[in-house]
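Peer 1: Structure file start_31.txt (compact mmCIF, C-alpha atoms) is given on the next line.
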```txt
# COMPACT_ATOMS: atom_id res chain seq x y z
CA MET C 1 -76.49 -76.73 67.42
CA ALA C 2 -77.38 -74.61 70.41
CA GLU C 3 -75.64 -77.06 72.73
CA ALA C 4 -72.44 -76.79 70.66
CA HIS C 5 -72.15 -73.11 71.62
CA THR C 6 -73.03 -73.57 75.29
CA LYS C 7 -70.33 -72.22 77.61
CA ASN C 8 -68.98 -75.03 79.77
CA HIS C 9 -65.85 -73.38 81.18
CA ASP C 10 -64.94 -70.57 83.61
CA TYR C 11 -62.92 -68.51 81.14
CA HIS C 12 -64.12 -65.32 79.49
CA LEU C 13 -63.53 -65.09 75.75
CA VAL C 14 -63.63 -61.38 74.99
CA GLU C 15 -65.35 -59.91 71.96
CA PRO C 16 -63.19 -58.39 69.17
CA SER C 17 -61.93 -55.04 70.44
CA PRO C 18 -60.52 -51.99 68.62
CA TRP C 19 -58.61 -50.75 71.69
CA PRO C 20 -55.23 -52.50 71.15
CA PHE C 21 -54.90 -51.11 67.61
CA ILE C 22 -56.11 -47.60 68.48
CA GLY C 23 -53.89 -47.58 71.58
CA SER C 24 -50.80 -48.54 69.58
CA VAL C 25 -51.51 -45.79 67.04
CA GLY C 26 -51.95 -43.22 69.82
CA ALA C 27 -48.75 -44.34 71.55
CA PHE C 28 -46.84 -44.09 68.26
CA ILE C 29 -48.11 -40.55 67.60
CA MET C 30 -47.32 -39.54 71.19
CA ALA C 31 -43.79 -40.97 70.92
CA ILE C 32 -43.14 -39.13 67.63
CA GLY C 33 -44.34 -35.89 69.20
CA ALA C 34 -42.21 -36.38 72.34
CA ILE C 35 -39.07 -37.17 70.33
CA ALA C 36 -39.64 -34.18 68.03
CA TRP C 37 -40.19 -31.92 71.06
CA MET C 38 -36.96 -33.08 72.73
CA LYS C 39 -35.07 -32.64 69.46
CA ALA C 40 -36.48 -29.13 69.03
CA ALA C 41 -35.62 -28.27 72.66
CA SER C 42 -31.99 -29.17 71.98
CA GLY C 43 -31.92 -27.11 68.77
CA ASN C 44 -32.11 -30.05 66.37
CA SER C 45 -34.66 -31.05 63.76
CA PHE C 46 -36.48 -34.36 63.59
CA ASP C 47 -37.12 -35.72 60.12
CA LEU C 48 -39.14 -38.87 59.51
CA PHE C 49 -40.26 -40.07 56.07
CA GLY C 50 -38.93 -36.80 54.70
CA ILE C 51 -41.15 -34.72 57.01
CA ASN C 52 -39.85 -32.34 59.68
CA PHE C 53 -41.99 -32.86 62.77
CA ALA C 54 -40.20 -30.35 65.04
CA SER C 55 -42.67 -27.52 64.43
CA ALA C 56 -45.68 -29.74 65.23
CA SER C 57 -44.12 -31.59 68.17
CA TRP C 58 -46.48 -30.37 70.91
CA GLY C 59 -49.54 -30.85 68.74
CA LEU C 60 -48.57 -34.45 67.88
CA PHE C 61 -47.79 -35.23 71.49
CA ALA C 62 -51.12 -33.78 72.65
CA ILE C 63 -53.08 -35.71 70.00
CA GLY C 64 -51.32 -38.97 70.87
CA LEU C 65 -51.87 -38.41 74.59
CA LEU C 66 -55.57 -37.75 74.09
CA VAL C 67 -55.91 -40.92 72.02
CA VAL C 68 -54.12 -42.97 74.69
CA LEU C 69 -56.31 -41.50 77.46
CA TYR C 70 -59.43 -42.23 75.42
CA VAL C 71 -58.29 -45.84 74.92
CA MET C 72 -57.62 -46.20 78.63
CA TYR C 73 -61.10 -44.92 79.42
CA GLY C 74 -62.83 -47.10 76.84
CA TRP C 75 -60.85 -50.27 77.53
CA TRP C 76 -61.27 -50.13 81.30
CA LYS C 77 -64.93 -49.18 80.90
CA ASP C 78 -65.40 -52.36 78.87
CA THR C 79 -63.62 -54.37 81.57
CA ILE C 80 -65.91 -52.94 84.27
CA THR C 81 -68.94 -53.74 82.12
CA GLU C 82 -67.72 -57.33 81.69
CA SER C 83 -67.44 -57.64 85.47
CA GLN C 84 -70.93 -56.29 86.06
CA GLU C 85 -72.31 -58.70 83.47
CA GLY C 86 -70.86 -61.63 85.42
CA HIS C 87 -68.02 -62.54 83.06
CA HIS C 88 -65.37 -62.25 85.79
CA THR C 89 -65.67 -65.76 87.16
CA ARG C 90 -63.49 -67.17 89.92
CA VAL C 91 -60.84 -68.24 87.40
CA VAL C 92 -60.89 -64.89 85.56
CA SER C 93 -60.62 -63.00 88.86
CA LEU C 94 -57.64 -65.13 89.88
CA HIS C 95 -55.89 -64.34 86.61
CA LEU C 96 -56.61 -60.64 87.04
CA ARG C 97 -54.81 -60.86 90.37
CA TYR C 98 -51.87 -62.66 88.76
CA GLY C 99 -51.73 -59.93 86.12
CA MET C 100 -51.68 -57.14 88.73
CA LEU C 101 -49.00 -58.91 90.77
CA LEU C 102 -46.81 -59.34 87.69
CA PHE C 103 -47.33 -55.69 86.80
CA ILE C 104 -46.21 -54.59 90.28
CA ALA C 105 -43.22 -56.95 90.04
CA SER C 106 -42.22 -55.28 86.78
CA GLU C 107 -42.55 -51.88 88.48
CA VAL C 108 -40.30 -53.09 91.30
CA MET C 109 -37.60 -53.99 88.77
CA PHE C 110 -38.13 -50.61 87.09
CA PHE C 111 -37.19 -48.83 90.32
CA VAL C 112 -34.37 -51.29 91.02
CA ALA C 113 -32.67 -49.81 87.94
CA TRP C 114 -32.71 -46.29 89.38
CA PHE C 115 -31.64 -47.46 92.84
CA TRP C 116 -28.84 -49.46 91.26
CA ALA C 117 -27.62 -46.40 89.35
CA TYR C 118 -27.73 -44.29 92.50
CA PHE C 119 -25.93 -46.77 94.76
CA ASP C 120 -23.32 -47.62 92.13
CA ALA C 121 -22.46 -43.94 91.79
CA ALA C 122 -22.67 -43.24 95.53
CA LEU C 123 -20.81 -46.28 96.92
CA PHE C 124 -18.05 -46.16 94.35
CA ALA C 125 -17.74 -42.41 93.85
CA GLY C 126 -13.97 -42.53 94.33
CA GLU C 127 -13.22 -45.82 92.55
CA ALA C 128 -9.94 -45.34 90.68
CA ILE C 129 -10.98 -47.34 87.61
CA GLN C 130 -13.93 -45.01 87.12
CA PHE C 131 -11.71 -42.03 86.41
CA SER C 132 -14.42 -40.04 84.61
CA ARG C 133 -16.76 -40.54 87.56
CA VAL C 134 -14.09 -39.43 90.03
CA GLU C 135 -13.56 -36.34 87.91
CA ALA C 136 -17.31 -35.65 87.93
CA THR C 137 -17.94 -36.32 91.64
CA GLY C 138 -14.67 -35.18 93.14
CA GLY C 139 -14.21 -38.68 94.54
CA HIS C 140 -16.95 -38.42 97.16
CA TRP C 141 -20.73 -38.37 97.52
CA PRO C 142 -22.63 -36.08 97.15
CA PRO C 143 -20.49 -34.65 94.34
CA ASP C 144 -18.76 -31.29 94.61
CA GLY C 145 -21.10 -28.34 94.35
CA ILE C 146 -24.28 -30.26 95.23
CA LEU C 147 -26.40 -28.81 98.02
CA THR C 148 -28.83 -31.57 98.97
CA PHE C 149 -32.16 -31.25 100.70
CA ASP C 150 -32.50 -31.41 104.45
CA PRO C 151 -34.17 -34.84 104.85
CA TRP C 152 -36.02 -33.71 107.99
CA HIS C 153 -37.84 -30.90 106.21
CA LEU C 154 -40.02 -31.39 103.10
CA PRO C 155 -38.93 -35.02 102.48
CA LEU C 156 -40.02 -36.02 106.00
CA LEU C 157 -43.32 -34.15 105.58
CA ASN C 158 -44.02 -35.97 102.32
CA THR C 159 -43.10 -39.27 103.93
CA LEU C 160 -45.65 -38.71 106.68
CA ILE C 161 -48.27 -37.66 104.12
CA LEU C 162 -47.78 -40.83 102.11
CA LEU C 163 -47.73 -43.08 105.18
CA CYS C 164 -51.01 -41.50 106.32
CA SER C 165 -52.47 -42.18 102.88
CA GLY C 166 -51.53 -45.84 103.30
CA THR C 167 -53.55 -45.99 106.51
CA THR C 168 -56.59 -44.28 104.96
CA VAL C 169 -56.68 -46.63 101.95
CA THR C 170 -56.44 -49.59 104.36
CA TRP C 171 -59.31 -48.09 106.35
CA ALA C 172 -61.34 -47.86 103.14
CA HIS C 173 -60.58 -51.49 102.31
CA HIS C 174 -61.62 -52.76 105.73
CA ALA C 175 -64.77 -50.59 105.57
CA LEU C 176 -65.68 -52.24 102.27
CA LEU C 177 -65.12 -55.73 103.71
CA HIS C 178 -67.51 -54.84 106.53
CA ASN C 179 -70.02 -53.28 104.09
CA ASP C 180 -69.46 -49.83 105.60
CA ARG C 181 -70.17 -47.68 102.55
CA GLU C 182 -69.59 -44.34 104.28
CA GLY C 183 -66.25 -45.51 105.67
CA LEU C 184 -65.25 -46.67 102.17
CA LYS C 185 -66.07 -43.29 100.64
CA TRP C 186 -64.37 -41.26 103.37
CA GLY C 187 -61.26 -43.45 103.33
CA LEU C 188 -60.91 -43.11 99.56
CA THR C 189 -61.62 -39.37 99.68
CA LEU C 190 -58.89 -38.78 102.26
CA THR C 191 -56.44 -40.97 100.32
CA VAL C 192 -57.03 -39.02 97.11
CA LEU C 193 -56.60 -35.69 98.94
CA LEU C 194 -53.36 -36.89 100.56
CA GLY C 195 -52.09 -38.05 97.16
CA VAL C 196 -52.79 -34.61 95.69
CA LEU C 197 -51.09 -32.94 98.69
CA PHE C 198 -48.01 -35.15 98.22
CA THR C 199 -47.75 -34.09 94.58
CA ILE C 200 -48.05 -30.39 95.50
CA VAL C 201 -45.32 -30.67 98.15
CA GLN C 202 -43.02 -32.52 95.75
CA GLY C 203 -43.61 -29.88 93.08
CA TYR C 204 -42.75 -27.18 95.63
CA GLU C 205 -39.61 -29.12 96.58
CA TYR C 206 -38.51 -29.37 92.95
CA GLY C 207 -39.03 -25.64 92.55
CA HIS C 208 -36.59 -24.97 95.42
CA ALA C 209 -33.93 -27.54 94.53
CA ALA C 210 -30.36 -26.22 94.48
CA PHE C 211 -29.34 -28.63 91.69
CA THR C 212 -30.67 -29.53 88.26
CA PHE C 213 -31.25 -32.74 86.31
CA ASP C 214 -28.38 -32.27 83.89
CA GLY C 215 -24.70 -31.77 84.49
CA ASN C 216 -24.19 -34.11 87.47
CA ILE C 217 -24.78 -37.71 88.50
CA TYR C 218 -26.60 -36.78 91.69
CA GLY C 219 -29.22 -34.67 89.96
CA ALA C 220 -29.80 -37.26 87.24
CA THR C 221 -30.33 -40.15 89.65
CA PHE C 222 -32.32 -38.01 92.11
CA TYR C 223 -34.81 -36.71 89.57
CA MET C 224 -35.15 -40.02 87.74
CA ALA C 225 -36.00 -41.90 90.96
CA THR C 226 -38.14 -39.29 92.70
CA GLY C 227 -39.66 -38.03 89.45
CA PHE C 228 -40.86 -41.45 88.35
CA HIS C 229 -42.15 -42.05 91.85
CA GLY C 230 -44.06 -38.78 91.65
CA PHE C 231 -45.54 -39.92 88.33
CA HIS C 232 -46.63 -43.18 89.98
CA VAL C 233 -48.29 -41.19 92.77
CA ILE C 234 -50.26 -39.23 90.17
CA VAL C 235 -51.30 -42.46 88.42
CA GLY C 236 -52.26 -44.03 91.76
CA THR C 237 -54.26 -40.95 92.75
CA ILE C 238 -56.24 -41.16 89.50
CA PHE C 239 -56.68 -44.90 90.07
CA LEU C 240 -58.14 -44.28 93.53
CA LEU C 241 -60.27 -41.38 92.28
CA VAL C 242 -61.89 -43.74 89.77
CA CYS C 243 -62.47 -46.21 92.61
CA LEU C 244 -64.09 -43.43 94.65
CA LEU C 245 -66.46 -42.61 91.77
CA ARG C 246 -67.28 -46.30 91.37
CA ALA C 247 -67.87 -46.61 95.13
CA MET C 248 -70.29 -43.68 94.98
CA ALA C 249 -72.07 -45.44 92.12
CA GLY C 250 -72.38 -48.59 94.24
CA GLN C 251 -70.29 -50.76 91.91
CA PHE C 252 -68.27 -52.49 94.66
CA SER C 253 -69.60 -55.30 96.82
CA VAL C 254 -68.10 -57.26 99.68
CA GLU C 255 -67.60 -60.23 97.36
CA LYS C 256 -66.50 -58.46 94.15
CA HIS C 257 -64.18 -55.46 94.37
CA PHE C 258 -60.93 -56.43 92.69
CA GLY C 259 -60.66 -53.02 90.99
CA PHE C 260 -60.32 -51.43 94.41
CA GLU C 261 -57.95 -54.15 95.65
CA ALA C 262 -55.66 -53.55 92.67
CA ALA C 263 -55.62 -49.82 93.41
CA ALA C 264 -54.80 -50.50 97.08
CA TRP C 265 -51.96 -52.87 96.15
CA TYR C 266 -50.56 -50.26 93.77
CA TRP C 267 -50.79 -47.52 96.41
CA HIS C 268 -48.98 -49.60 99.03
CA PHE C 269 -46.27 -50.32 96.45
CA VAL C 270 -45.90 -46.55 95.99
CA ASP C 271 -45.60 -46.17 99.79
CA VAL C 272 -42.83 -48.76 100.05
CA VAL C 273 -40.84 -47.26 97.17
CA TRP C 274 -41.01 -43.83 98.76
CA LEU C 275 -39.69 -45.18 102.08
CA PHE C 276 -36.69 -46.59 100.22
CA LEU C 277 -36.19 -43.28 98.44
CA PHE C 278 -36.42 -41.35 101.70
CA VAL C 279 -33.81 -43.51 103.41
CA ALA C 280 -31.47 -44.00 100.43
CA ILE C 281 -31.49 -40.64 98.71
CA TYR C 282 -32.55 -38.13 101.32
CA ILE C 283 -31.05 -39.42 104.57
CA TRP C 284 -28.15 -41.64 103.51
CA GLY C 285 -27.17 -39.43 100.58
CA ALA C 286 -27.54 -36.07 102.31
CA GLY C 287 -24.53 -33.83 102.39
CA THR C 288 -24.79 -30.11 103.03
CA PRO C 289 -28.51 -29.26 103.28
CA ALA C 290 -29.83 -26.88 100.67
CA PRO C 291 -31.19 -23.57 101.96
CA HIS C 292 -35.01 -23.21 102.00
```
How would this structure read if it were set down as structure tokens?
Peer 2:
Amino acid sequence: MAEAHTKNHDYHLVEPSPWPFIGSVGAFIMAIGAIAWMKAASGNSFDLFGINFASASWGLFAIGLLVVLYVMYGWWKDTITESQEGHHTRVVSLHLRYGMLLFIASEVMFFVAWFWAYFDAALFAGEAIQFSRVEATGGHWPPDGILTFDPWHLPLLNTLILLCSGTTVTWAHHALLHNDREGLKWGLTLTVLLGVLFTIVQGYEYGHAAFTFDGNIYGATFYMATGFHGFHVIVGTIFLLVCLLRAMAGQFSVEKHFGFEAAAWYWHFVDVVWLFLFVAIYIWGAGTPAPH
């Protein structure tokens, strides 16, 4: 009987896990809270199952968010434990790479949507058949009344910050491949600091924008594209911070360090998206620079 249960394959069959169910419950609560909050912000109520959730919107959202964060911590902690126990065989590691590549591909298509919206509005701002758009934009791009940012000011600074972060994360990767533990730690530390600096500069930029999200096509497409990119930078910074803590704990080796590789791939994806944003939205779409 013992031989019947002997593992004779390279795949890892995971133990029953509560995380998918708990995560779905947390996401549902968070979504209800977010919808109720947006309804309340617009002066409307949100009734579900005969209950008005508008007054408890922030509380529901916070509870759901905490549950989701707890699931993320627990689930990824289990994955790290599985790796350290030797369950991540060559085949499992290959499939983890496929999964990360597919995730990044889905993120690429996510940003394609915002770029598509921006270019469709910008390239065809005066298209006669789009009479409502012509009325909204004045027939040209940027639309009437929009004071855009000077691309050679804060946007250029943030571009340089992010490009530098790409070099430091590459330095950290090469240090790991050469078993240079100090280089790995310093490279990750600098990358995390540059990611935080990028977020601070973008927050400052938003605070000095001469246009808002609502009321115009330019603001909507600008904030959707750059805002989601900023969110990805925050996620990537947390990703790399976890890698830094794991590096300090000695959990990466020259042979096994896919967690760090995935973070580096994600960070370089963030770099490339920002370069497209800088060229497309800031430089190509700049009209009259906004005062700073």
Peer 1: With all atoms listed in the file as the atoms that count, which of C:Glu107, C:Asp78, C:Asp120, C:Asp271 lies nearest to Thr221 of chain C?
Peer 2: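 Among the listed residues, the smallest separation from Thr221 of chain C belongs to C:Asp120.
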Peer 1: Which residues are close to segment 96-103 of chain C, i.e. within 12 Å by all atoms listed in the file, leaving aside same-chain residues fewer than 5 positions away? Reply as an NGL selection string.
Peer 2: :C and (11-12 or 79 or 83 or 88-91 or 108-110 or 257-266 or 269)
Peer 1: One number please: atom CA of Asn44 of chain C to atom CA of Ala62 of chain C, in Å, one decimal.
Peer 2: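 According to the coordinates, atom CA of Asn44 of chain C and atom CA of Ala62 of chain C are separated by 20.4 Å.
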Peer 1: For atom CA of Lys185 of chain C and atom CA of Thr237 of chain C, determine how far apart the two atoms are, in Å to one decimal place.
Peer 2: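 If I compute the distance from atom CA of Lys185 of chain C to atom CA of Thr237 of chain C, I get 14.4 Å.
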Peer 1: When distances are computed from all atoms listed in the file, which of C:Phe213, C:Val201, C:Gly166, C:Gly207 shows the smallest separation from Gly236 of chain C?
Peer 2: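 Residue with the minimum atom-to-atom distance to Gly236 of chain C: C:Gly166.
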Peer 1: Rank nothing, just name the residue among C:Gly250, C:Gly145, C:His178, C:Phe111 nearest to Thr212 of chain C, using all atoms listed in the file.
Peer 2: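 Nearest to Thr212 of chain C: C:Gly145.
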Peer 1: Which residues of segment 159-249 of chain C have any atom within 12 Å of an atom in segment 71-75 of chain C when counting all atoms listed in the file, and what is the closest pair of atoms for each, with the distance in Å to one decimal? Order the rows by chain and rising number and write it as a tab-separated table.
Peer 2:
```
residue	atom	partner	partner_atom	distance
C:Ile238	CA	C:Tyr73	CA	11.8
C:Phe239	CA	C:Tyr73	CA	11.5
C:Val242	CA	C:Tyr73	CA	10.4
```
Peer 1: With distances taken over all atoms listed in the file, which residue among C:Ala280, C:Leu157, C:Met30, C:Val134 lies nearest Gly59 of chain C?
Peer 2: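 Counting all atoms listed in the file, the residue closest to Gly59 of chain C is C:Met30.
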Peer 1: Please compute the atom CA of Glu205 of chain C-atom CA of Ser165 of chain C distance, one decimal, in Å.
Peer 2: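 Taking atom CA of Glu205 of chain C as the start and atom CA of Ser165 of chain C as the end point, the length is 19.4 Å.
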Peer 1: Nearest to Leu160 of chain C: which of C:Cys243, C:Glu127, C:Leu197, C:Thr226 is it, counting only C-alpha atoms?
Peer 2: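 Once distances to Leu160 of chain C are computed over only C-alpha atoms, the minimum belongs to C:Leu197.
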Peer 1: Could you give me, as a list in words, the residues that have an atom at most 10 Å away from the point (-58.1, -38.4, 100.5) in the coordinates of the file, using all atoms listed in the file?
Peer 2: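 Within the cut-off we find Cys164, Ser165, Thr168, Val169, Lys185, Trp186, Gly187, Leu188, Thr189, Leu190, Thr191, Val192, Leu193, Leu194, Gly195, Val196, Leu197, Thr237, Leu240, Leu241 and Leu244 of chain C.
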Peer 1: Check the smallest atom-to-atom distance from each of C:Val270, C:Val279, C:Ala286, C:Val14 to His87 of chain C using all atoms listed in the file, then report the winner.
Peer 2: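 Closest to His87 of chain C, using all atoms listed in the file: C:Val14.
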Peer 1: May I have the residues within 9 Å of segment 214-219 of chain C as a PDB file with C-alpha atoms, keeping the file's coordinate frame, using only C-alpha atoms and disregarding those fewer than 2 positions away in the same chain?
Peer 2:
```
ATOM      1  CA  TYR C 118     -27.730 -44.290  92.500  1.00  0.00           C
ATOM      2  CA  ALA C 121     -22.460 -43.940  91.790  1.00  0.00           C
ATOM      3  CA  ALA C 122     -22.670 -43.240  95.530  1.00  0.00           C
ATOM      4  CA  ARG C 133     -16.760 -40.540  87.560  1.00  0.00           C
ATOM      5  CA  ALA C 136     -17.310 -35.650  87.930  1.00  0.00           C
ATOM      6  CA  THR C 137     -17.940 -36.320  91.640  1.00  0.00           C
ATOM      7  CA  TRP C 141     -20.730 -38.370  97.520  1.00  0.00           C
ATOM      8  CA  PRO C 142     -22.630 -36.080  97.150  1.00  0.00           C
ATOM      9  CA  PRO C 143     -20.490 -34.650  94.340  1.00  0.00           C
ATOM     10  CA  ILE C 146     -24.280 -30.260  95.230  1.00  0.00           C
ATOM     11  CA  PHE C 211     -29.340 -28.630  91.690  1.00  0.00           C
ATOM     12  CA  THR C 212     -30.670 -29.530  88.260  1.00  0.00           C
ATOM     13  CA  THR C 221     -30.330 -40.150  89.650  1.00  0.00           C
ATOM     14  CA  PHE C 222     -32.320 -38.010  92.110  1.00  0.00           C
ATOM     15  CA  TYR C 223     -34.810 -36.710  89.570  1.00  0.00           C
ATOM     16  CA  MET C 224     -35.150 -40.020  87.740  1.00  0.00           C
TER      17      MET C 224
END
```
Peer 1: Place N, CA, C and O atoms on segment 198-220 of chain C and deliver the coordinates as a PDB file, in the coordinates of the input.
Peer 2:
```pdb
ATOM      1  N   PHE C 198     -49.379 -34.667  98.437  1.00  0.00           N
ATOM      2  CA  PHE C 198     -48.010 -35.150  98.220  1.00  0.00           C
ATOM      3  C   PHE C 198     -47.438 -34.575  96.933  1.00  0.00           C
ATOM      4  O   PHE C 198     -46.292 -34.109  96.904  1.00  0.00           O
ATOM      5  N   THR C 199     -48.223 -34.591  95.869  1.00  0.00           N
ATOM      6  CA  THR C 199     -47.750 -34.090  94.580  1.00  0.00           C
ATOM      7  C   THR C 199     -47.450 -32.595  94.658  1.00  0.00           C
ATOM      8  O   THR C 199     -46.446 -32.126  94.094  1.00  0.00           O
ATOM      9  N   ILE C 200     -48.282 -31.840  95.359  1.00  0.00           N
ATOM     10  CA  ILE C 200     -48.050 -30.390  95.500  1.00  0.00           C
ATOM     11  C   ILE C 200     -46.758 -30.132  96.260  1.00  0.00           C
ATOM     12  O   ILE C 200     -45.945 -29.286  95.855  1.00  0.00           O
ATOM     13  N   VAL C 201     -46.539 -30.860  97.355  1.00  0.00           N
ATOM     14  CA  VAL C 201     -45.320 -30.670  98.150  1.00  0.00           C
ATOM     15  C   VAL C 201     -44.088 -31.046  97.329  1.00  0.00           C
ATOM     16  O   VAL C 201     -43.068 -30.342  97.363  1.00  0.00           O
ATOM     17  N   GLN C 202     -44.173 -32.139  96.558  1.00  0.00           N
ATOM     18  CA  GLN C 202     -43.020 -32.520  95.750  1.00  0.00           C
ATOM     19  C   GLN C 202     -42.743 -31.495  94.660  1.00  0.00           C
ATOM     20  O   GLN C 202     -41.588 -31.198  94.358  1.00  0.00           O
ATOM     21  N   GLY C 203     -43.796 -30.938  94.068  1.00  0.00           N
ATOM     22  CA  GLY C 203     -43.610 -29.880  93.080  1.00  0.00           C
ATOM     23  C   GLY C 203     -42.949 -28.659  93.698  1.00  0.00           C
ATOM     24  O   GLY C 203     -42.067 -28.038  93.093  1.00  0.00           O
ATOM     25  N   TYR C 204     -43.366 -28.308  94.917  1.00  0.00           N
ATOM     26  CA  TYR C 204     -42.750 -27.180  95.630  1.00  0.00           C
ATOM     27  C   TYR C 204     -41.276 -27.480  95.909  1.00  0.00           C
ATOM     28  O   TYR C 204     -40.413 -26.611  95.772  1.00  0.00           O
ATOM     29  N   GLU C 205     -40.991 -28.721  96.299  1.00  0.00           N
ATOM     30  CA  GLU C 205     -39.610 -29.120  96.580  1.00  0.00           C
ATOM     31  C   GLU C 205     -38.750 -28.996  95.325  1.00  0.00           C
ATOM     32  O   GLU C 205     -37.640 -28.458  95.377  1.00  0.00           O
ATOM     33  N   TYR C 206     -39.259 -29.479  94.206  1.00  0.00           N
ATOM     34  CA  TYR C 206     -38.510 -29.370  92.950  1.00  0.00           C
ATOM     35  C   TYR C 206     -38.225 -27.904  92.605  1.00  0.00           C
ATOM     36  O   TYR C 206     -37.163 -27.567  92.088  1.00  0.00           O
ATOM     37  N   GLY C 207     -39.202 -27.050  92.870  1.00  0.00           N
ATOM     38  CA  GLY C 207     -39.030 -25.640  92.550  1.00  0.00           C
ATOM     39  C   GLY C 207     -37.977 -24.956  93.399  1.00  0.00           C
ATOM     40  O   GLY C 207     -37.500 -23.874  93.033  1.00  0.00           O
ATOM     41  N   HIS C 208     -37.598 -25.563  94.521  1.00  0.00           N
ATOM     42  CA  HIS C 208     -36.590 -24.970  95.420  1.00  0.00           C
ATOM     43  C   HIS C 208     -35.306 -25.803  95.486  1.00  0.00           C
ATOM     44  O   HIS C 208     -34.492 -25.612  96.394  1.00  0.00           O
ATOM     45  N   ALA C 209     -35.147 -26.725  94.551  1.00  0.00           N
ATOM     46  CA  ALA C 209     -33.930 -27.540  94.530  1.00  0.00           C
ATOM     47  C   ALA C 209     -32.723 -26.687  94.139  1.00  0.00           C
ATOM     48  O   ALA C 209     -32.825 -25.807  93.278  1.00  0.00           O
ATOM     49  N   ALA C 210     -31.594 -26.961  94.768  1.00  0.00           N
ATOM     50  CA  ALA C 210     -30.360 -26.220  94.480  1.00  0.00           C
ATOM     51  C   ALA C 210     -29.521 -26.908  93.421  1.00  0.00           C
ATOM     52  O   ALA C 210     -28.379 -26.528  93.203  1.00  0.00           O
ATOM     53  N   PHE C 211     -30.061 -27.917  92.749  1.00  0.00           N
ATOM     54  CA  PHE C 211     -29.340 -28.630  91.690  1.00  0.00           C
ATOM     55  C   PHE C 211     -30.344 -28.970  90.588  1.00  0.00           C
ATOM     56  O   PHE C 211     -31.550 -28.992  90.813  1.00  0.00           O
ATOM     57  N   THR C 212     -29.820 -29.246  89.409  1.00  0.00           N
ATOM     58  CA  THR C 212     -30.670 -29.530  88.260  1.00  0.00           C
ATOM     59  C   THR C 212     -30.505 -30.982  87.822  1.00  0.00           C
ATOM     60  O   THR C 212     -29.686 -31.716  88.362  1.00  0.00           O
ATOM     61  N   PHE C 213     -31.299 -31.370  86.823  1.00  0.00           N
ATOM     62  CA  PHE C 213     -31.250 -32.740  86.310  1.00  0.00           C
ATOM     63  C   PHE C 213     -29.955 -32.999  85.546  1.00  0.00           C
ATOM     64  O   PHE C 213     -29.351 -34.066  85.679  1.00  0.00           O
ATOM     65  N   ASP C 214     -29.544 -32.041  84.750  1.00  0.00           N
ATOM     66  CA  ASP C 214     -28.380 -32.270  83.890  1.00  0.00           C
ATOM     67  C   ASP C 214     -27.108 -31.752  84.529  1.00  0.00           C
ATOM     68  O   ASP C 214     -27.123 -30.932  85.441  1.00  0.00           O
ATOM     69  N   GLY C 215     -26.003 -32.280  84.063  1.00  0.00           N
ATOM     70  CA  GLY C 215     -24.700 -31.770  84.490  1.00  0.00           C
ATOM     71  C   GLY C 215     -24.070 -32.491  85.657  1.00  0.00           C
ATOM     72  O   GLY C 215     -22.906 -32.239  85.968  1.00  0.00           O
ATOM     73  N   ASN C 216     -24.798 -33.401  86.339  1.00  0.00           N
ATOM     74  CA  ASN C 216     -24.190 -34.110  87.470  1.00  0.00           C
ATOM     75  C   ASN C 216     -24.927 -35.421  87.707  1.00  0.00           C
ATOM     76  O   ASN C 216     -26.120 -35.550  87.388  1.00  0.00           O
ATOM     77  N   ILE C 217     -24.211 -36.385  88.270  1.00  0.00           N
ATOM     78  CA  ILE C 217     -24.780 -37.710  88.500  1.00  0.00           C
ATOM     79  C   ILE C 217     -25.865 -37.643  89.568  1.00  0.00           C
ATOM     80  O   ILE C 217     -26.899 -38.313  89.463  1.00  0.00           O
ATOM     81  N   TYR C 218     -25.632 -36.842  90.599  1.00  0.00           N
ATOM     82  CA  TYR C 218     -26.600 -36.780  91.690  1.00  0.00           C
ATOM     83  C   TYR C 218     -27.952 -36.300  91.201  1.00  0.00           C
ATOM     84  O   TYR C 218     -28.994 -36.895  91.499  1.00  0.00           O
ATOM     85  N   GLY C 219     -27.961 -35.204  90.456  1.00  0.00           N
ATOM     86  CA  GLY C 219     -29.220 -34.670  89.960  1.00  0.00           C
ATOM     87  C   GLY C 219     -29.945 -35.633  89.043  1.00  0.00           C
ATOM     88  O   GLY C 219     -31.163 -35.787  89.124  1.00  0.00           O
ATOM     89  N   ALA C 220     -29.181 -36.314  88.178  1.00  0.00           N
ATOM     90  CA  ALA C 220     -29.800 -37.260  87.240  1.00  0.00           C
ATOM     91  C   ALA C 220     -30.475 -38.408  87.980  1.00  0.00           C
ATOM     92  O   ALA C 220     -31.633 -38.744  87.710  1.00  0.00           O
TER      93      ALA C 220
END
```
